[in-house]
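Undergrad: Contents of model.cif (mmCIF, C-alpha atoms and all ligand atoms):
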data_input
#
loop_
_atom_site.label_atom_id
_atom_site.label_comp_id
_atom_site.auth_asym_id
_atom_site.auth_seq_id
_atom_site.Cartn_x
_atom_site.Cartn_y
_atom_site.Cartn_z
CA MET A 1 -101.90 15.00 -21.89
CA SER A 2 -104.67 17.45 -21.27
CA ASN A 3 -108.14 16.13 -20.61
CA VAL A 4 -107.06 13.46 -18.16
CA SER A 5 -110.31 12.27 -16.63
CA SER A 6 -110.60 12.92 -12.95
CA ALA A 7 -111.25 10.13 -10.47
CA VAL A 8 -114.08 12.10 -8.90
CA PRO A 9 -117.36 11.36 -10.68
CA GLU A 10 -119.20 14.41 -11.94
CA PRO A 11 -122.09 15.47 -9.74
CA ILE A 12 -125.45 14.10 -10.82
CA ILE A 13 -127.13 16.70 -8.61
CA GLN A 14 -125.89 20.29 -8.26
CA LEU A 15 -127.69 22.82 -6.08
CA ARG A 16 -126.54 26.45 -6.03
CA ASP A 17 -128.01 29.02 -3.64
CA LEU A 18 -131.33 27.21 -3.80
CA ARG A 19 -134.26 29.05 -2.23
CA LYS A 20 -137.90 28.20 -1.81
CA VAL A 21 -140.57 30.49 -0.40
CA TYR A 22 -144.10 29.17 0.07
CA LYS A 23 -146.72 31.91 -0.01
CA THR A 24 -150.11 31.23 1.49
CA GLY A 25 -152.20 34.39 1.52
CA LYS A 26 -150.13 36.98 3.34
CA VAL A 27 -147.94 34.43 5.04
CA SER A 28 -144.57 33.50 3.52
CA VAL A 29 -142.50 30.57 4.69
CA GLU A 30 -138.85 30.42 3.68
CA ALA A 31 -138.46 26.67 3.45
CA LEU A 32 -135.01 26.74 1.77
CA ARG A 33 -132.59 29.60 2.40
CA GLY A 34 -129.61 29.16 0.11
CA VAL A 35 -128.75 25.47 -0.20
CA ASN A 36 -125.53 24.46 -1.95
CA LEU A 37 -124.88 20.79 -2.54
CA ASP A 38 -123.09 18.49 -5.00
CA VAL A 39 -124.00 14.82 -5.11
CA PRO A 40 -121.61 12.66 -7.16
CA LYS A 41 -123.10 9.90 -9.27
CA GLY A 42 -123.24 6.69 -7.26
CA GLU A 43 -123.25 8.35 -3.85
CA PHE A 44 -125.57 7.18 -1.06
CA LEU A 45 -126.22 10.46 0.78
CA SER A 46 -128.18 10.79 4.01
CA VAL A 47 -130.00 14.03 4.80
CA VAL A 48 -130.74 14.56 8.48
CA GLY A 49 -132.60 17.40 10.15
CA PRO A 50 -135.49 18.26 12.43
CA SER A 51 -139.07 18.47 11.26
CA GLY A 52 -139.68 21.65 9.26
CA SER A 53 -136.01 22.11 8.27
CA GLY A 54 -136.81 21.84 4.55
CA LYS A 55 -135.83 18.26 3.75
CA SER A 56 -138.99 17.29 1.89
CA THR A 57 -139.03 20.60 0.02
CA LEU A 58 -135.47 19.89 -1.12
CA PHE A 59 -136.52 16.46 -2.37
CA HIS A 60 -139.60 17.77 -4.15
CA ILE A 61 -137.46 20.31 -6.00
CA VAL A 62 -134.76 17.78 -6.93
CA GLY A 63 -137.53 15.43 -8.09
CA GLY A 64 -139.14 18.07 -10.28
CA LEU A 65 -142.37 18.10 -8.26
CA THR A 66 -142.01 21.73 -7.09
CA PRO A 67 -140.20 24.60 -8.83
CA PRO A 68 -137.61 26.50 -6.78
CA THR A 69 -138.17 30.20 -6.05
CA SER A 70 -134.56 30.98 -7.03
CA GLY A 71 -131.16 29.40 -7.37
CA GLN A 72 -129.96 26.61 -9.58
CA VAL A 73 -130.93 22.94 -9.56
CA ILE A 74 -129.24 20.68 -12.07
CA VAL A 75 -130.33 17.06 -11.97
CA GLY A 76 -128.92 14.59 -14.47
CA GLY A 77 -127.85 17.48 -16.71
CA VAL A 78 -131.31 19.11 -16.66
CA ASP A 79 -131.65 22.64 -15.28
CA VAL A 80 -134.82 21.92 -13.33
CA GLY A 81 -135.57 25.54 -12.41
CA LYS A 82 -135.61 26.58 -16.06
CA ALA A 83 -137.22 23.44 -17.43
CA SER A 84 -140.74 23.47 -18.88
CA ASP A 85 -143.48 21.45 -17.18
CA ALA A 86 -143.06 18.87 -19.92
CA LYS A 87 -139.34 18.61 -19.27
CA ARG A 88 -139.92 18.22 -15.53
CA THR A 89 -142.48 15.50 -16.19
CA GLU A 90 -139.86 13.81 -18.34
CA LEU A 91 -137.36 14.09 -15.47
CA ARG A 92 -139.81 12.33 -13.13
CA ARG A 93 -140.41 9.62 -15.70
CA THR A 94 -136.81 8.89 -16.51
CA THR A 95 -134.30 10.19 -13.99
CA VAL A 96 -135.71 10.27 -10.46
CA ALA A 97 -138.00 8.07 -8.42
CA PHE A 98 -139.44 8.51 -4.95
CA VAL A 99 -139.88 6.19 -1.99
CA PHE A 100 -142.01 7.51 0.86
CA GLN A 101 -142.50 6.73 4.53
CA LYS A 102 -146.03 5.56 3.79
CA PHE A 103 -145.42 3.01 1.13
CA ASN A 104 -148.16 4.47 -1.11
CA LEU A 105 -148.90 1.17 -2.81
CA LEU A 106 -152.26 0.86 -4.55
CA PRO A 107 -154.20 -1.33 -2.10
CA ASN A 108 -156.28 -3.26 -4.61
CA LEU A 109 -153.37 -4.26 -6.80
CA THR A 110 -150.91 -7.08 -6.28
CA ALA A 111 -147.23 -6.31 -5.83
CA ARG A 112 -146.65 -7.24 -9.47
CA ASP A 113 -149.36 -4.88 -10.70
CA ASN A 114 -148.16 -2.08 -8.44
CA ILE A 115 -144.74 -2.38 -10.08
CA ARG A 116 -146.22 -2.70 -13.57
CA THR A 117 -148.19 0.50 -13.01
CA ALA A 118 -144.94 2.44 -12.69
CA LEU A 119 -143.75 1.07 -16.03
CA TYR A 120 -147.08 1.88 -17.62
CA ILE A 121 -147.01 5.47 -16.37
CA ALA A 122 -143.43 5.83 -17.59
CA GLY A 123 -144.47 4.51 -21.00
CA ARG A 124 -142.16 1.50 -20.80
CA PRO A 125 -142.99 -1.78 -22.52
CA LEU A 126 -144.56 -4.21 -20.07
CA ASP A 127 -143.54 -7.36 -21.93
CA LYS A 128 -139.90 -7.01 -20.90
CA PHE A 129 -140.97 -6.54 -17.30
CA GLU A 130 -140.30 -9.98 -15.84
CA LYS A 131 -136.89 -10.27 -17.44
CA GLU A 132 -135.60 -6.80 -16.70
CA LEU A 133 -136.79 -6.79 -13.16
CA SER A 134 -135.77 -10.27 -12.17
CA ASN A 135 -132.35 -9.06 -11.02
CA VAL A 136 -133.82 -6.35 -8.89
CA LEU A 137 -136.51 -8.63 -7.51
CA ASP A 138 -133.90 -11.19 -6.47
CA LEU A 139 -132.01 -8.47 -4.69
CA LEU A 140 -135.19 -7.25 -3.04
CA GLY A 141 -136.15 -10.73 -1.85
CA ILE A 142 -139.80 -10.32 -2.78
CA GLY A 143 -139.94 -12.67 -5.77
CA GLY A 144 -142.35 -14.91 -3.85
CA ARG A 145 -144.69 -12.05 -2.93
CA LEU A 146 -145.51 -10.72 -6.37
CA ASP A 147 -149.08 -12.01 -6.36
CA HIS A 148 -149.89 -10.63 -2.92
CA ARG A 149 -151.72 -7.40 -2.17
CA PRO A 150 -150.29 -4.84 0.25
CA THR A 151 -152.59 -5.96 3.10
CA GLU A 152 -151.13 -9.46 2.82
CA MET A 153 -147.58 -8.21 3.33
CA SER A 154 -145.58 -6.88 6.28
CA GLY A 155 -144.51 -3.24 6.32
CA GLY A 156 -140.99 -4.23 5.36
CA GLU A 157 -142.23 -6.24 2.39
CA GLN A 158 -144.49 -3.40 1.30
CA GLN A 159 -141.56 -1.00 1.40
CA ARG A 160 -139.49 -3.41 -0.66
CA VAL A 161 -142.28 -3.55 -3.25
CA ALA A 162 -142.38 0.26 -3.21
CA ILE A 163 -138.62 0.30 -3.80
CA ALA A 164 -139.01 -2.22 -6.66
CA ARG A 165 -141.69 0.02 -8.14
CA ALA A 166 -139.39 3.03 -7.86
CA LEU A 167 -136.55 1.12 -9.53
CA ALA A 168 -138.70 -0.38 -12.29
CA THR A 169 -137.98 2.53 -14.59
CA ALA A 170 -134.23 2.35 -13.87
CA PRO A 171 -134.02 5.91 -12.52
CA ALA A 172 -130.55 7.39 -12.09
CA ILE A 173 -131.55 8.76 -8.67
CA LEU A 174 -133.63 7.28 -5.88
CA LEU A 175 -135.08 9.82 -3.44
CA ALA A 176 -136.19 8.16 -0.21
CA ASP A 177 -138.10 10.34 2.30
CA GLU A 178 -138.02 8.62 5.71
CA PRO A 179 -138.21 5.16 4.09
CA THR A 180 -138.00 3.41 7.46
CA GLY A 181 -140.26 5.81 9.36
CA ASN A 182 -143.09 3.30 9.57
CA LEU A 183 -140.97 0.22 10.18
CA ASP A 184 -139.79 -1.61 13.28
CA SER A 185 -136.06 -1.97 13.80
CA THR A 186 -135.74 -5.38 12.11
CA ASN A 187 -137.58 -4.27 8.99
CA SER A 188 -135.74 -0.93 9.03
CA ARG A 189 -132.42 -2.69 9.00
CA ALA A 190 -133.57 -4.95 6.14
CA VAL A 191 -134.66 -1.96 4.04
CA LEU A 192 -131.47 -0.02 4.81
CA ASN A 193 -129.32 -3.02 3.91
CA LEU A 194 -131.29 -3.27 0.70
CA LEU A 195 -130.65 0.38 -0.16
CA ARG A 196 -126.96 -0.16 0.51
CA ASP A 197 -126.96 -3.25 -1.73
CA LEU A 198 -128.68 -1.36 -4.52
CA ASN A 199 -126.10 1.35 -4.20
CA GLU A 200 -123.16 -1.06 -4.16
CA ARG A 201 -124.34 -3.53 -6.79
CA LEU A 202 -126.22 -1.30 -9.21
CA GLY A 203 -124.40 1.96 -8.54
CA GLN A 204 -127.74 3.53 -7.76
CA THR A 205 -127.42 7.14 -6.56
CA ILE A 206 -129.52 7.44 -3.40
CA LEU A 207 -130.61 10.44 -1.33
CA MET A 208 -132.27 9.38 1.88
CA ILE A 209 -133.98 11.63 4.40
CA THR A 210 -133.98 10.26 7.91
CA HIS A 211 -134.42 11.36 11.51
CA ASN A 212 -132.31 8.55 12.73
CA ASP A 213 -128.50 8.73 13.01
CA GLU A 214 -128.21 4.95 12.88
CA ALA A 215 -130.13 4.89 9.60
CA ALA A 216 -128.05 7.79 8.25
CA ALA A 217 -124.87 5.78 8.91
CA PHE A 218 -125.89 3.33 6.15
CA GLY A 219 -124.99 6.04 3.62
CA HIS A 220 -121.53 7.25 2.55
CA ARG A 221 -122.05 10.78 3.81
CA THR A 222 -124.53 12.73 5.89
CA VAL A 223 -125.57 16.35 5.47
CA HIS A 224 -127.48 18.13 8.23
CA MET A 225 -130.27 20.60 7.58
CA ARG A 226 -131.63 23.25 9.88
CA ASP A 227 -133.95 26.17 9.14
CA GLY A 228 -133.71 25.68 5.39
CA GLN A 229 -129.93 25.48 5.22
CA ILE A 230 -127.22 22.84 5.23
CA VAL A 231 -125.28 23.26 8.46
CA GLU A 232 -122.48 21.70 10.43
CA PRO A 233 -123.86 19.08 12.83
CA LEU A 234 -124.75 20.38 16.28
CA GLY A 235 -122.64 19.07 19.13
CA ARG A 236 -124.47 16.86 21.56
CA SER A 237 -126.09 18.81 24.36
N1 LIG B 301 -146.85 23.31 0.42
C1 LIG B 301 -146.46 24.10 1.43
N2 LIG B 301 -147.06 25.30 1.65
C2 LIG B 301 -146.65 26.10 2.65
N3 LIG B 301 -145.65 25.80 3.50
C3 LIG B 301 -145.02 24.62 3.33
C4 LIG B 301 -145.38 23.71 2.30
N4 LIG B 301 -144.59 22.61 2.40
C5 LIG B 301 -143.75 22.84 3.42
N5 LIG B 301 -144.00 24.03 3.98
C6 LIG B 301 -143.27 24.64 5.11
O1 LIG B 301 -141.91 24.71 4.75
C7 LIG B 301 -141.07 24.37 5.84
C8 LIG B 301 -140.21 23.15 5.48
O2 LIG B 301 -141.07 22.02 5.33
P1 LIG B 301 -140.56 20.59 4.83
O3 LIG B 301 -139.75 20.78 3.60
O4 LIG B 301 -141.74 19.71 4.75
O5 LIG B 301 -139.60 20.18 6.03
P2 LIG B 301 -139.19 18.72 6.57
O6 LIG B 301 -139.41 17.72 5.50
O7 LIG B 301 -137.75 18.88 6.97
O8 LIG B 301 -140.06 18.46 7.77
C9 LIG B 301 -141.99 24.13 7.02
O9 LIG B 301 -142.10 25.34 7.76
C10 LIG B 301 -143.31 23.79 6.36
O10 LIG B 301 -144.39 24.15 7.19
MG MG B 302 -140.55 15.95 5.51
#
I need this file expressed as structure tokens, please.
Ligand SMILES: Nc1ncnc2c1ncn2[C@@H]1O[C@H](COP(=O)(O)OP(=O)(O)O)[C@@H](O)[C@H]1O
Ligand SMILES: [Mg+2]
TA:
Amino acid sequence: MSNVSSAVPEPIIQLRDLRKVYKTGKVSVEALRGVNLDVPKGEFLSVVGPSGSGKSTLFHIVGGLTPPTSGQVIVGGVDVGKASDAKRTELRRTTVAFVFQKFNLLPNLTARDNIRTALYIAGRPLDKFEKELSNVLDLLGIGGRLDHRPTEMSGGEQQRVAIARALATAPAILLADEPTGNLDSTNSRAVLNLLRDLNERLGQTILMITHNDEAAAFGHRTVHMRDGQIVEPLGRS
């Protein structure tokens, strides 16, 4: 038989010779200098690299927040570099979601309303909210905190609410930029275990930026970035 399906899932993210130059006045910064990467659907990938190596730029491009200068970015079948603004907005509404180091919750809203806001922005019906999210909320262990505001929660709880908000629209890809950067080791471990659970139980594709090798080890695979490129890891000095 031809057309036997391969056991390797097709990549949900494909980057080919991806470059990004930021121009500020006469100064140019080459933030990405030819990045090639395939991320199979369902992978939990860690991205490690020093400050300024281009990790956040990579995420912003994959998430449709910033256009690349050149090269190819295909995310969930969409050619992001060629996509219109409208198409990139659509990508952010349906396919990718971000989790940041600073939880970025709206301070005057309860956890529930922070999560509902994401559905509202994505144009999803709010009435199905409780039902659809109950699985995720159980997994996140914040069911009892839904009526609390961010100031009434620990950092770890706030990050779990931020993750629930990111997952509310059922994005195919979760992009987490230093999600444990503001957390102590106990809360970090809880959030990392949660990401691993989401990956294992829901098949959520996750890209996580981290400085920390221990955190990176929660993923299936780690890629190292330096000076805008993916490189082999440096030996210990
Ligand atoms: N909006 C921007 N304008 C100009 N330069 C930028 C911008 N964002 C990032 N850079 C520069 O691009 C390089 C990579 O930055 P970034 O992607 O934030 O790296 P990382 O997340 O690994 O710290 C750095 O030299 C940074 O100063
Ligand atoms: Mg960064």
Undergrad: Neighbours of ligand LIG 301 (chain B) at 6 Å or closer, counting only C-alpha atoms and all ligand atoms: which residues, as a list of chain:residue names?
TA: A:Tyr22, A:Val29, A:Ala31, A:Pro50, A:Ser51, A:Gly52, A:Ser53, A:Gly54, A:Lys55, A:Ser56, A:Thr57
Undergrad: In terms of the shortest atom-to-atom distance over all atoms listed in the file, which of A:Lys20, A:Lys26, A:His148, A:Arg189 is closest to Ala111 in chain A?
TA: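 For Ala111 in chain A, the nearest of the candidates is A:His148.
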Undergrad: Would you compute the distance between CA of Phe100 in chain A and CA of Pro179 in chain A? Give it in Å to one decimal.
TA: 5.5 Å
Undergrad: What's the separation between CA of His211 in chain A and CA of Val35 in chain A, in Å to one decimal place?
TA: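 Separation of CA of His211 in chain A and CA of Val35 in chain A: 19.2 Å.
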Undergrad: Would you compute the distance between CA of Asp17 in chain A and CA of Gln204 in chain A? Give it in Å to one decimal.
TA: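 So the two atoms, CA of Asp17 in chain A and CA of Gln204 in chain A, lie 25.8 Å apart.
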Undergrad: Find the spatial neighbours of Val73 in chain A, counting all atoms listed in the file, within a cut-off of 10 Å - ignore same-chain residues fewer than 5 positions away - and output them as number ranges by chain.
TA: A: 13-18, 35-37, 61-62, 64, 67-68, 78-82
Undergrad: Pick out the closest residue to ligand MG 302 (chain B) from this set: A:Gly123, A:Gly156, A:Gly203, A:Gly181. Count all atoms listed in the file.
TA: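 Of all the options, A:Gly181 lies closest to ligand MG 302 (chain B).
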Undergrad: Which of these residues is nearest to ligand MG 302 (chain B), using only C-alpha atoms and all ligand atoms: A:Arg92, A:His60, A:Arg145, A:Arg112?
TA: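 Result for the nearest residue to ligand MG 302 (chain B): A:His60.
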Undergrad: Kindly list the centre and edge lengths in Å, rounded to one decimal, for the axis-aligned box that covers all listed atoms of range 187-202 of chain A plus 5 Å on each of its six sides, as JSON.
TA:
{"center_x": -130.4, "center_y": -1.8, "center_z": -0.1, "size_x": 24.4, "size_y": 16.3, "size_z": 28.2}
Undergrad: Smallest atom-to-atom distance to ligand MG 302 (chain B): which of A:Val96, A:Met225, A:Ala86, A:Val161, using all atoms listed in the file?
TA: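 Of A:Val96, A:Met225, A:Ala86, A:Val161, the one nearest ligand MG 302 (chain B) is A:Met225, counting all atoms listed in the file.
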Undergrad: Counting only C-alpha atoms and all ligand atoms, which of A:Gly144, A:Gly155, A:Pro125, A:Gly49 gets nearest to ligand MG 302 (chain B)?
TA: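 Between A:Gly144, A:Gly155, A:Pro125, A:Gly49, the residue approaching ligand MG 302 (chain B) most closely is A:Gly49.
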Undergrad: Just checking: using all atoms listed in the file, which residue out of A:Thr169, A:Asn104, A:Thr89, A:Thr180 ends up closest to Arg124 in chain A?
TA: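 Nearest to Arg124 in chain A: A:Thr169.
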